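Data block for target_35.tsv (TSV, C-alpha atoms):
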chain	number	residue	atom	x	y	z
N	1	MET	CA	-126.02	211.42	161.27
N	2	LYS	CA	-123.56	208.61	161.99
N	3	LYS	CA	-123.17	207.93	158.28
N	4	LYS	CA	-122.53	211.63	157.66
N	5	LEU	CA	-119.90	211.73	160.39
N	6	ILE	CA	-118.12	208.64	159.11
N	7	GLU	CA	-118.20	209.84	155.51
N	8	GLU	CA	-117.21	213.35	156.62
N	9	GLN	CA	-120.15	214.96	154.88
N	10	PRO	CA	-121.27	218.50	155.80
N	11	LEU	CA	-123.78	218.62	158.65
N	12	THR	CA	-126.92	220.76	158.92
N	13	ILE	CA	-127.00	223.48	161.56
N	14	GLU	CA	-129.13	221.30	163.84
N	15	GLU	CA	-126.78	218.37	163.40
N	16	SER	CA	-123.79	220.60	164.14
N	17	LEU	CA	-125.42	221.80	167.35
N	18	ARG	CA	-126.17	218.22	168.31
N	19	LEU	CA	-122.56	217.30	167.63
N	20	ASP	CA	-121.32	220.18	169.82
N	21	GLU	CA	-123.56	218.98	172.65
N	22	ALA	CA	-122.36	215.42	172.21
N	23	LEU	CA	-118.74	216.56	172.33
N	24	GLU	CA	-119.38	218.43	175.56
N	25	SER	CA	-120.98	215.38	177.14
N	26	GLN	CA	-117.94	213.20	176.39
N	27	THR	CA	-115.93	213.92	179.53
N	28	ILE	CA	-114.27	210.64	180.48
N	29	VAL	CA	-112.08	210.24	177.40
N	30	PRO	CA	-110.54	213.74	177.65
N	31	ARG	CA	-109.80	213.03	181.32
N	32	LEU	CA	-108.11	209.72	180.49
N	33	MET	CA	-106.21	211.21	177.59
N	34	GLY	CA	-104.98	214.07	179.78
N	35	LYS	CA	-103.47	211.57	182.19
N	36	LEU	CA	-101.30	209.92	179.54
N	37	GLU	CA	-97.59	210.36	180.02
N	38	ASP	CA	-95.24	211.49	177.26
N	39	GLY	CA	-91.98	210.21	178.69
N	40	ALA	CA	-88.99	212.51	178.30
N	41	PRO	CA	-86.37	211.54	175.72
N	42	SER	CA	-83.00	210.36	177.01
N	43	LEU	CA	-79.97	212.61	177.39
N	44	ALA	CA	-78.17	210.58	174.74
N	45	TRP	CA	-80.99	211.30	172.30
N	46	ARG	CA	-80.82	215.01	173.08
N	47	SER	CA	-77.06	215.02	172.80
N	48	ALA	CA	-77.25	213.37	169.37
N	49	LEU	CA	-79.81	215.96	168.29
N	50	ASN	CA	-77.59	218.79	169.54
N	51	GLU	CA	-74.70	217.43	167.51
N	52	LYS	CA	-76.82	217.23	164.37
N	53	LEU	CA	-78.03	220.78	164.88
N	54	LEU	CA	-74.51	222.07	165.50
N	55	ALA	CA	-73.35	220.34	162.34
N	56	GLN	CA	-76.17	222.12	160.51
N	57	THR	CA	-75.08	225.46	161.97
N	58	GLY	CA	-71.44	224.79	161.00
N	59	ARG	CA	-72.44	223.86	157.45
N	60	ARG	CA	-74.54	227.00	157.17
N	61	LYS	CA	-71.68	229.16	158.44
N	62	ARG	CA	-69.31	227.55	155.91
N	63	VAL	CA	-71.80	228.16	153.12
N	64	SER	CA	-72.30	231.77	154.17
N	65	THR	CA	-68.51	232.33	154.45
N	66	PHE	CA	-68.04	230.85	150.98
N	67	ARG	CA	-70.80	233.08	149.64
N	68	TRP	CA	-69.21	236.14	151.28
N	69	VAL	CA	-65.74	235.35	149.92
N	70	SER	CA	-66.98	234.57	146.40
N	71	GLY	CA	-69.15	237.70	146.44
N	72	PHE	CA	-66.20	239.81	147.54
N	73	ALA	CA	-63.96	238.32	144.81
N	74	ALA	CA	-66.58	238.96	142.14
N	75	THR	CA	-67.06	242.56	143.26
N	76	THR	CA	-63.28	243.14	143.30
N	77	ALA	CA	-62.96	241.72	139.78
N	78	ILE	CA	-65.74	243.94	138.46
N	79	CYS	CA	-64.16	247.02	140.11
N	80	LEU	CA	-60.76	246.17	138.60
N	81	VAL	CA	-62.16	245.76	135.10
N	82	ALA	CA	-64.08	249.01	135.48
N	83	PHE	CA	-60.91	250.76	136.74
N	84	ILE	CA	-58.97	249.66	133.65
N	85	ALA	CA	-61.71	250.11	131.06
N	86	LEU	CA	-63.26	253.39	132.16
N	87	PRO	CA	-60.37	255.79	131.30
N	88	ARG	CA	-60.06	254.16	127.87
N	89	LEU	CA	-63.76	254.52	127.17
N	90	GLN	CA	-63.75	258.13	128.31
N	91	SER	CA	-60.76	259.12	126.07
N	92	GLY	CA	-62.64	258.24	122.81
N	93	PRO	CA	-61.38	256.34	119.71
N	94	ILE	CA	-57.61	256.16	119.10
N	95	VAL	CA	-56.57	257.34	115.65
N	96	ASP	CA	-53.56	255.65	114.15
N	97	ASN	CA	-50.72	258.14	113.50
N	98	ALA	CA	-49.94	256.49	110.18
N	99	VAL	CA	-53.41	257.30	108.90
N	100	THR	CA	-53.06	260.91	110.01
N	101	GLU	CA	-49.69	261.21	108.31
N	102	VAL	CA	-51.01	259.77	105.02
N	103	ALA	CA	-54.05	262.00	105.20
N	104	ASN	CA	-51.85	265.06	105.67
N	105	SER	CA	-49.42	264.12	102.93
N	106	ASN	CA	-52.15	263.44	100.37
N	107	GLY	CA	-54.10	266.54	101.18
N	108	GLY	CA	-57.22	264.63	100.06
N	109	GLY	CA	-60.33	263.57	101.83
N	110	LEU	CA	-60.30	261.36	104.86
N	111	GLU	CA	-61.93	258.41	103.06
N	112	GLU	CA	-59.30	258.39	100.36
N	113	SER	CA	-56.54	258.55	102.93
N	114	LEU	CA	-58.03	255.66	104.89
N	115	LEU	CA	-58.31	253.54	101.74
N	116	THR	CA	-54.74	254.28	100.76
N	117	ALA	CA	-53.50	253.48	104.26
N	118	HIS	CA	-55.42	250.21	104.25
N	119	LEU	CA	-54.07	249.11	100.88
N	120	GLU	CA	-50.53	250.02	101.85
N	121	ALA	CA	-50.85	248.10	105.07
N	122	ASP	CA	-52.07	245.03	103.17
N	123	ILE	CA	-49.19	245.16	100.72
N	124	GLU	CA	-46.72	245.61	103.56
N	125	SER	CA	-48.05	242.62	105.40
N	126	GLY	CA	-47.59	240.58	102.24
N	127	LEU	CA	-51.05	239.11	102.07
N	128	GLY	CA	-51.22	239.53	98.34
N	129	VAL	CA	-54.46	241.40	98.23
N	130	SER	CA	-55.05	242.74	94.76
N	131	THR	CA	-56.36	246.25	94.36
N	132	VAL	CA	-59.41	247.08	92.28
N	133	ASP	CA	-57.41	248.83	89.61
N	134	SER	CA	-54.54	246.33	89.48
N	135	GLY	CA	-56.50	244.40	86.82
N	136	GLY	CA	-55.82	240.90	85.55
N	137	SER	CA	-57.37	237.64	86.51
N	138	PRO	CA	-55.67	235.20	88.91
N	139	GLY	CA	-54.84	232.94	86.01
N	140	SER	CA	-53.24	235.54	83.73
R	1	MET	CA	-95.44	212.38	184.67
R	2	ALA	CA	-92.99	214.39	182.66
R	3	THR	CA	-93.10	218.08	183.52
R	4	ARG	CA	-94.12	220.46	180.80
R	5	ARG	CA	-92.04	223.59	180.60
R	6	GLN	CA	-94.37	226.24	179.36
R	7	ILE	CA	-93.14	229.33	177.53
R	8	ASP	CA	-95.28	232.46	177.43
R	9	VAL	CA	-96.01	234.10	174.09
R	10	ALA	CA	-93.60	237.04	174.55
R	11	THR	CA	-90.71	234.75	175.49
R	12	GLU	CA	-91.58	232.46	172.60
R	13	LEU	CA	-91.47	235.32	170.10
R	14	ALA	CA	-88.14	236.52	171.51
R	15	LEU	CA	-86.72	232.99	171.24
R	16	VAL	CA	-87.96	232.68	167.65
R	17	ALA	CA	-86.25	235.97	166.75
R	18	GLN	CA	-83.01	234.70	168.29
R	19	CYS	CA	-83.33	231.37	166.46
R	20	ARG	CA	-83.64	233.23	163.16
R	21	ARG	CA	-80.13	234.52	163.86
R	22	GLN	CA	-79.03	230.90	164.28
R	23	ASP	CA	-78.90	231.21	168.07
R	24	PHE	CA	-78.44	227.62	169.14
R	25	GLU	CA	-79.04	228.32	172.84
R	26	ALA	CA	-82.43	229.88	172.15
R	27	PHE	CA	-83.43	226.88	170.09
R	28	GLY	CA	-82.32	224.67	172.98
R	29	LYS	CA	-84.92	226.37	175.18
R	30	ILE	CA	-87.61	225.69	172.59
R	31	MET	CA	-86.55	222.05	172.46
R	32	ASP	CA	-86.65	221.83	176.27
R	33	ALA	CA	-90.24	223.04	176.19
R	34	TYR	CA	-91.53	220.87	173.37
R	35	GLN	CA	-89.35	217.78	172.90
R	36	ALA	CA	-91.31	215.47	175.26
R	37	ARG	CA	-94.68	216.54	173.86
R	38	VAL	CA	-93.61	216.21	170.26
R	39	LEU	CA	-92.03	212.84	170.98
R	40	GLY	CA	-95.22	211.70	172.76
R	41	PHE	CA	-97.30	212.69	169.75
R	42	VAL	CA	-94.96	211.07	167.21
R	43	ARG	CA	-94.67	207.93	169.36
R	44	ARG	CA	-98.45	207.50	169.40
R	45	MET	CA	-98.74	208.24	165.70
R	46	LEU	CA	-96.06	205.83	164.51
R	47	ARG	CA	-96.32	203.14	167.20
R	48	ASN	CA	-92.62	202.37	166.78
R	49	GLU	CA	-90.17	203.65	169.38
R	50	GLU	CA	-87.05	203.79	167.21
R	51	GLU	CA	-88.85	205.47	164.34
R	52	ALA	CA	-90.48	207.93	166.74
R	53	LEU	CA	-87.12	209.00	168.21
R	54	ASP	CA	-85.72	209.41	164.73
R	55	VAL	CA	-88.69	211.41	163.41
R	56	THR	CA	-88.74	213.68	166.48
R	57	GLN	CA	-85.10	214.61	165.83
R	58	GLU	CA	-86.06	215.29	162.24
R	59	VAL	CA	-88.88	217.59	163.44
R	60	PHE	CA	-86.47	219.78	165.39
R	61	ILE	CA	-83.80	219.80	162.69
R	62	LYS	CA	-86.41	220.86	160.14
R	63	ALA	CA	-87.78	223.49	162.51
R	64	PHE	CA	-84.28	224.91	163.10
R	65	GLN	CA	-83.55	224.98	159.37
R	66	SER	CA	-86.79	226.69	158.46
R	67	MET	CA	-87.22	229.02	161.43
R	68	SER	CA	-86.82	231.99	159.08
R	69	ARG	CA	-89.99	230.85	157.32
R	70	PHE	CA	-92.04	230.77	160.54
R	71	ASP	CA	-94.28	233.79	160.02
R	72	GLY	CA	-95.93	233.83	163.45
R	73	ARG	CA	-99.46	233.49	162.04
R	74	SER	CA	-99.85	230.30	164.05
R	75	THR	CA	-98.31	229.53	167.42
R	76	LEU	CA	-94.93	227.86	167.61
R	77	ARG	CA	-96.66	224.80	169.08
R	78	THR	CA	-99.04	224.52	166.10
R	79	TRP	CA	-96.12	224.95	163.71
R	80	LEU	CA	-94.04	222.25	165.43
R	81	PHE	CA	-96.92	219.79	165.58
R	82	ARG	CA	-97.72	220.48	161.94
R	83	ILE	CA	-94.13	219.57	161.00
R	84	ALA	CA	-94.40	216.48	163.21
R	85	TYR	CA	-97.73	215.48	161.69
R	86	ASN	CA	-96.45	215.87	158.12
R	87	LEU	CA	-93.31	213.87	158.87
R	88	CYS	CA	-95.41	211.10	160.45
R	89	ILE	CA	-97.64	211.01	157.37
R	90	ASP	CA	-94.56	210.89	155.09
R	91	ARG	CA	-93.01	208.11	157.16
R	92	SER	CA	-96.25	206.12	157.17
R	93	ARG	CA	-96.60	206.50	153.40
R	94	ARG	CA	-93.04	205.32	152.88
R	95	ALA	CA	-93.73	202.36	155.13
R	96	ASP	CA	-96.88	201.74	153.07
R	97	ARG	CA	-99.20	202.30	156.00
R	98	SER	CA	-101.07	204.94	153.97
R	99	PRO	CA	-102.80	206.74	156.86
R	100	GLU	CA	-104.62	209.18	154.63
R	101	PHE	CA	-106.48	206.36	153.01
R	102	THR	CA	-107.42	204.49	156.17
R	103	SER	CA	-111.19	204.75	156.06
R	104	LEU	CA	-113.22	205.67	159.09
R	105	GLU	CA	-115.62	202.88	158.16
R	106	SER	CA	-112.93	200.40	159.15
R	107	THR	CA	-113.16	201.71	162.72
R	108	PHE	CA	-116.95	201.79	162.89
R	109	ASP	CA	-119.78	199.44	162.13
R	110	GLU	CA	-122.52	201.53	160.56
R	111	ASN	CA	-125.33	199.46	162.09
R	112	GLU	CA	-124.00	199.75	165.62
R	113	PRO	CA	-125.48	202.71	167.58
R	114	LEU	CA	-123.06	205.45	168.63
R	115	GLU	CA	-122.78	206.31	172.30
R	116	PHE	CA	-123.11	210.04	172.67
R	117	ALA	CA	-122.41	210.46	176.38
R	118	ASP	CA	-120.15	208.43	178.67
R	119	ASN	CA	-121.95	209.11	181.95
R	120	ARG	CA	-122.57	205.47	182.77
R	121	TRP	CA	-119.06	205.15	184.25
R	122	ASN	CA	-117.89	206.24	187.64
R	123	PRO	CA	-115.20	208.89	187.08
R	124	GLU	CA	-113.58	208.19	190.46
R	125	GLU	CA	-113.11	204.52	189.72
R	126	ILE	CA	-111.81	205.29	186.28
R	127	ALA	CA	-109.39	207.84	187.66
R	128	THR	CA	-107.89	205.35	190.11
R	129	ASN	CA	-107.63	202.49	187.66
R	130	ALA	CA	-103.96	202.38	186.75
R	131	GLU	CA	-104.49	199.80	184.03
R	132	LEU	CA	-106.67	202.14	182.07
R	133	GLY	CA	-103.63	204.02	180.80
R	134	LEU	CA	-102.59	200.92	178.91
R	135	ILE	CA	-106.12	200.35	177.65
R	136	VAL	CA	-106.25	203.92	176.37
R	137	GLU	CA	-102.92	203.45	174.55
R	138	GLU	CA	-104.26	200.22	173.04
R	139	ALA	CA	-107.45	201.94	171.95
R	140	LEU	CA	-105.40	204.72	170.33
R	141	GLY	CA	-103.43	202.16	168.39
R	142	SER	CA	-106.60	200.50	167.18
R	143	MET	CA	-108.14	203.58	165.57
R	144	SER	CA	-107.36	205.16	162.22
R	145	GLU	CA	-104.62	207.80	162.12
R	146	LYS	CA	-107.17	210.47	161.21
R	147	LEU	CA	-109.08	209.92	164.44
R	148	ARG	CA	-105.96	209.36	166.52
R	149	THR	CA	-104.36	212.64	165.44
R	150	VAL	CA	-107.38	214.75	166.34
R	151	LEU	CA	-107.94	212.95	169.64
R	152	ILE	CA	-104.32	213.39	170.76
R	153	LEU	CA	-104.13	217.02	169.71
R	154	HIS	CA	-107.41	217.97	171.36
R	155	ASP	CA	-107.64	215.84	174.48
R	156	LYS	CA	-103.95	215.37	175.19
R	157	GLU	CA	-102.37	218.58	173.89
R	158	ASP	CA	-105.34	220.86	174.70
R	159	MET	CA	-105.39	222.34	171.21
R	160	GLY	CA	-108.52	224.16	170.03
R	161	TYR	CA	-110.56	223.09	167.00
R	162	GLU	CA	-109.14	225.86	164.81
R	163	GLU	CA	-105.58	225.08	165.82
R	164	ILE	CA	-106.08	221.41	164.95
R	165	ALA	CA	-107.71	222.37	161.66
R	166	VAL	CA	-104.55	224.33	160.77
R	167	THR	CA	-102.25	221.52	161.90
R	168	VAL	CA	-104.05	218.77	160.01
R	169	ASP	CA	-105.28	220.99	157.16
R	170	VAL	CA	-108.97	220.06	157.32
R	171	PRO	CA	-112.10	222.16	158.05
R	172	VAL	CA	-113.13	222.75	161.67
R	173	GLY	CA	-116.32	220.70	161.14
R	174	THR	CA	-114.22	217.71	160.11
R	175	VAL	CA	-112.08	218.13	163.24
R	176	LYS	CA	-115.22	218.01	165.40
R	177	SER	CA	-116.70	214.96	163.70
R	178	ARG	CA	-113.36	213.12	163.89
R	179	LEU	CA	-112.99	214.00	167.55
R	180	PHE	CA	-116.48	212.73	168.30
R	181	LEU	CA	-115.86	209.46	166.46
R	182	ALA	CA	-112.48	209.01	168.12
R	183	ARG	CA	-113.98	209.45	171.58
R	184	ALA	CA	-116.86	207.13	170.73
R	185	HIS	CA	-114.37	204.50	169.62
R	186	MET	CA	-112.36	204.97	172.80
R	187	GLN	CA	-115.52	204.71	174.92
R	188	LYS	CA	-116.46	201.48	173.23
R	189	TRP	CA	-112.97	200.07	173.76
R	190	ILE	CA	-112.91	201.03	177.44
R	191	GLY	CA	-116.49	199.78	177.86
R	192	ASN	CA	-115.46	196.36	176.56
R	193	TYR	CA	-112.52	196.33	178.98
R	194	LEU	CA	-114.63	197.39	181.96
R	195	ALA	CA	-117.31	194.83	181.13
R	196	ALA	CA	-114.70	192.08	180.96
R	197	THR	CA	-112.98	193.12	184.21
R	198	PRO	CA	-114.78	192.04	187.40
R	199	GLY	CA	-115.13	194.66	190.12
R	200	VAL	CA	-114.87	197.62	187.76
R	201	SER	CA	-118.00	199.52	186.85

As a first step, turn the structure in this file into structure tokens.
Amino acid sequence: MKKKLIEEQPLTIEESLRLDEALESQTIVPRLMGKLEDGAPSLAWRSALNEKLLAQTGRRKRVSTFRWVSGFAATTAICLVAFIALPRLQSGPIVDNAVTEVANSNGGGLEESLLTAHLEADIESGLGVSTVDSGGSPGS
Amino acid sequence: MATRRQIDVATELALVAQCRRQDFEAFGKIMDAYQARVLGFVRRMLRNEEEALDVTQEVFIKAFQSMSRFDGRSTLRTWLFRIAYNLCIDRSRRADRSPEFTSLESTFDENEPLEFADNRWNPEEIATNAELGLIVEEALGSMSEKLRTVLILHDKEDMGYEEIAVTVDVPVGTVKSRLFLARAHMQKWIGNYLAATPGVS
């Protein structure tokens, strides 16, 4: 049984009962152990601990304040963006007046009007975009 | 002897709830109740006064930081001693004392018979022998940390087997066998002292 105890192997039921009995018969050591003194820590030790704990509390408060402020700023920013963007999204797509005017003047289909408006805009901006029917190669 | 300020369960739970709200005063009351006991335990585990004072502070700082994680499944005492035990183990590992690997065989000679009972001594004489306190401390220092932990928690701190099992994270059976071996070692140590001291039974 000693080997089992030292090697921390599982005991049989009988061995466990024997161990329980043996533990109950060991009375002197618990008595001596109970008489041992702990010795209170000094006031300086406690004071140092209090300071460390207060520093921890202060740090936590600073962190929580920072979190609150940053959270508030983020929420405000989101609200502001939503306030600006929402009316625009609700009003639908904006149609350029120039396109409408061209479409009306041509009396043709919308696609044709858009194409004409696009080509005119390109020519106006001076990008030199050649139209499909302008013909000619770049070298000619 | 240092007085132990006991807190009843209801007060303890109320203090824990206050501590979760970062109530420093409430935590102060918990420290008042446990600081000497935790320090006593750590002191005996580490056998180094300066380190013990340092680690005990660490125990309470850690407890204060993680009070929100204390779920109340164990008692506050078990929880505090578990933190203390783990910090002692960490400190010992760092100092290369490796307590987890200290074998029980190193404390016991397999061929030597174990003393089961200690009834050959006169309890009155033992109780009045002031020197025995020192002998007990010496004996504690001479045994492996595994045995020492269980002996202190059971016989000094009055913890039950299950409570120790939770603190040290071993099965209850292992707690019992370690406690038995620790007491047997202590008996042997005291027996040697008594035999060598004239006039003491």

Proximity check chain N to chain R, 7 Å, nearest pairs one decimal Å, only C-alpha atoms, as a Markdown table:
| residue | atom | partner | partner_atom | distance |
| --- | --- | --- | --- | --- |
| N:Lys3 | CA | R:Glu110 | CA | 6.8 |
| N:Leu5 | CA | R:Ser177 | CA | 5.6 |
| N:Ile6 | CA | R:Leu104 | CA | 5.7 |
| N:Glu8 | CA | R:Thr174 | CA | 6.3 |
| N:Ala22 | CA | R:Phe116 | CA | 5.5 |
| N:Leu23 | CA | R:Phe180 | CA | 6.0 |
| N:Ser25 | CA | R:Ala117 | CA | 5.2 |
| N:Gln26 | CA | R:Ala117 | CA | 5.2 |
| N:Thr27 | CA | R:Asp118 | CA | 7.0 |
| N:Ile28 | CA | R:Asp118 | CA | 6.5 |
| N:Val29 | CA | R:Arg183 | CA | 6.2 |
| N:Pro30 | CA | R:Asp155 | CA | 4.8 |
| N:Met33 | CA | R:Lys156 | CA | 5.3 |
| N:Gly34 | CA | R:Lys156 | CA | 4.9 |
| N:Leu36 | CA | R:Gly133 | CA | 6.5 |
| N:Glu37 | CA | R:Met1 | CA | 5.5 |
| N:Asp38 | CA | R:Gly40 | CA | 4.5 |
| N:Gly39 | CA | R:Ala2 | CA | 5.9 |
| N:Ala40 | CA | R:Ala36 | CA | 4.8 |
| N:Pro41 | CA | R:Ala36 | CA | 6.3 |
| N:Leu49 | CA | R:Gln57 | CA | 6.0 |
| N:Leu53 | CA | R:Ile61 | CA | 6.2 |

Exercise. What does the distance between atom CA of R:Arg73 and atom CA of R:Ala33 come to in Å, to one decimal place?
Worked result: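 Calculated distance between atom CA of R:Arg73 and atom CA of R:Ala33 is 19.9 Å.
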
Problem set entry | Point-to-point distance in Å for atom CA of R:Met67 and atom CA of R:Val150 | 25.2 Å

Seminar exercise, completed: Taken to one decimal, the atom CA of R:Val168-atom CA of R:Cys88 distance is 11.6 Å

To test the calculation: enclose all listed atoms of stretch 86-89 of chain R in a box whose edges run along x, y and z, add 6 Å on each side, then state centre and edge lengths in Å to one decimal, as AutoDock Vina command-line options.
--center_x -95.5 --center_y 213.4 --center_z 158.9 --size_x 16.3 --size_y 16.9 --size_z 15.1

Mind rebuilding stretch 141-154 of chain R with N, CA, C and O atoms and writing that out as a PDB file, in the coordinates of the input?
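Output below, filename result-v1.pdb:
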ATOM      1  N   GLY R 141    -104.076 202.926 169.454  1.00  0.00           N
ATOM      2  CA  GLY R 141    -103.430 202.160 168.390  1.00  0.00           C
ATOM      3  C   GLY R 141    -104.422 201.459 167.472  1.00  0.00           C
ATOM      4  O   GLY R 141    -104.103 201.160 166.326  1.00  0.00           O
ATOM      5  N   SER R 142    -105.625 201.242 167.972  1.00  0.00           N
ATOM      6  CA  SER R 142    -106.600 200.500 167.180  1.00  0.00           C
ATOM      7  C   SER R 142    -107.414 201.392 166.244  1.00  0.00           C
ATOM      8  O   SER R 142    -108.134 200.901 165.395  1.00  0.00           O
ATOM      9  N   MET R 143    -107.314 202.712 166.434  1.00  0.00           N
ATOM     10  CA  MET R 143    -108.140 203.580 165.570  1.00  0.00           C
ATOM     11  C   MET R 143    -107.332 204.134 164.399  1.00  0.00           C
ATOM     12  O   MET R 143    -106.101 204.069 164.396  1.00  0.00           O
ATOM     13  N   SER R 144    -108.043 204.633 163.420  1.00  0.00           N
ATOM     14  CA  SER R 144    -107.360 205.160 162.220  1.00  0.00           C
ATOM     15  C   SER R 144    -106.538 206.396 162.612  1.00  0.00           C
ATOM     16  O   SER R 144    -106.848 207.070 163.599  1.00  0.00           O
ATOM     17  N   GLU R 145    -105.513 206.683 161.821  1.00  0.00           N
ATOM     18  CA  GLU R 145    -104.620 207.800 162.120  1.00  0.00           C
ATOM     19  C   GLU R 145    -105.366 209.142 162.121  1.00  0.00           C
ATOM     20  O   GLU R 145    -105.016 210.050 162.863  1.00  0.00           O
ATOM     21  N   LYS R 146    -106.386 209.228 161.277  1.00  0.00           N
ATOM     22  CA  LYS R 146    -107.170 210.470 161.210  1.00  0.00           C
ATOM     23  C   LYS R 146    -107.805 210.778 162.550  1.00  0.00           C
ATOM     24  O   LYS R 146    -107.758 211.906 163.041  1.00  0.00           O
ATOM     25  N   LEU R 147    -108.415 209.753 163.148  1.00  0.00           N
ATOM     26  CA  LEU R 147    -109.080 209.920 164.440  1.00  0.00           C
ATOM     27  C   LEU R 147    -108.051 210.119 165.547  1.00  0.00           C
ATOM     28  O   LEU R 147    -108.212 210.968 166.424  1.00  0.00           O
ATOM     29  N   ARG R 148    -106.993 209.324 165.486  1.00  0.00           N
ATOM     30  CA  ARG R 148    -105.960 209.360 166.520  1.00  0.00           C
ATOM     31  C   ARG R 148    -105.337 210.755 166.622  1.00  0.00           C
ATOM     32  O   ARG R 148    -105.147 211.296 167.712  1.00  0.00           O
ATOM     33  N   THR R 149    -105.011 211.323 165.464  1.00  0.00           N
ATOM     34  CA  THR R 149    -104.360 212.640 165.440  1.00  0.00           C
ATOM     35  C   THR R 149    -105.208 213.678 166.165  1.00  0.00           C
ATOM     36  O   THR R 149    -104.732 214.402 167.031  1.00  0.00           O
ATOM     37  N   VAL R 150    -106.487 213.737 165.779  1.00  0.00           N
ATOM     38  CA  VAL R 150    -107.380 214.750 166.340  1.00  0.00           C
ATOM     39  C   VAL R 150    -107.574 214.524 167.843  1.00  0.00           C
ATOM     40  O   VAL R 150    -107.552 215.473 168.631  1.00  0.00           O
ATOM     41  N   LEU R 151    -107.731 213.268 168.224  1.00  0.00           N
ATOM     42  CA  LEU R 151    -107.940 212.950 169.640  1.00  0.00           C
ATOM     43  C   LEU R 151    -106.724 213.355 170.486  1.00  0.00           C
ATOM     44  O   LEU R 151    -106.869 213.967 171.547  1.00  0.00           O
ATOM     45  N   ILE R 152    -105.541 213.043 170.005  1.00  0.00           N
ATOM     46  CA  ILE R 152    -104.320 213.390 170.760  1.00  0.00           C
ATOM     47  C   ILE R 152    -104.172 214.911 170.857  1.00  0.00           C
ATOM     48  O   ILE R 152    -103.928 215.458 171.926  1.00  0.00           O
ATOM     49  N   LEU R 153    -104.341 215.572 169.710  1.00  0.00           N
ATOM     50  CA  LEU R 153    -104.130 217.020 169.710  1.00  0.00           C
ATOM     51  C   LEU R 153    -105.150 217.757 170.583  1.00  0.00           C
ATOM     52  O   LEU R 153    -104.815 218.729 171.245  1.00  0.00           O
ATOM     53  N   HIS R 154    -106.393 217.273 170.577  1.00  0.00           N
ATOM     54  CA  HIS R 154    -107.410 217.970 171.360  1.00  0.00           C
ATOM     55  C   HIS R 154    -107.377 217.563 172.837  1.00  0.00           C
ATOM     56  O   HIS R 154    -107.264 218.419 173.716  1.00  0.00           O
TER      57      HIS R 154
END
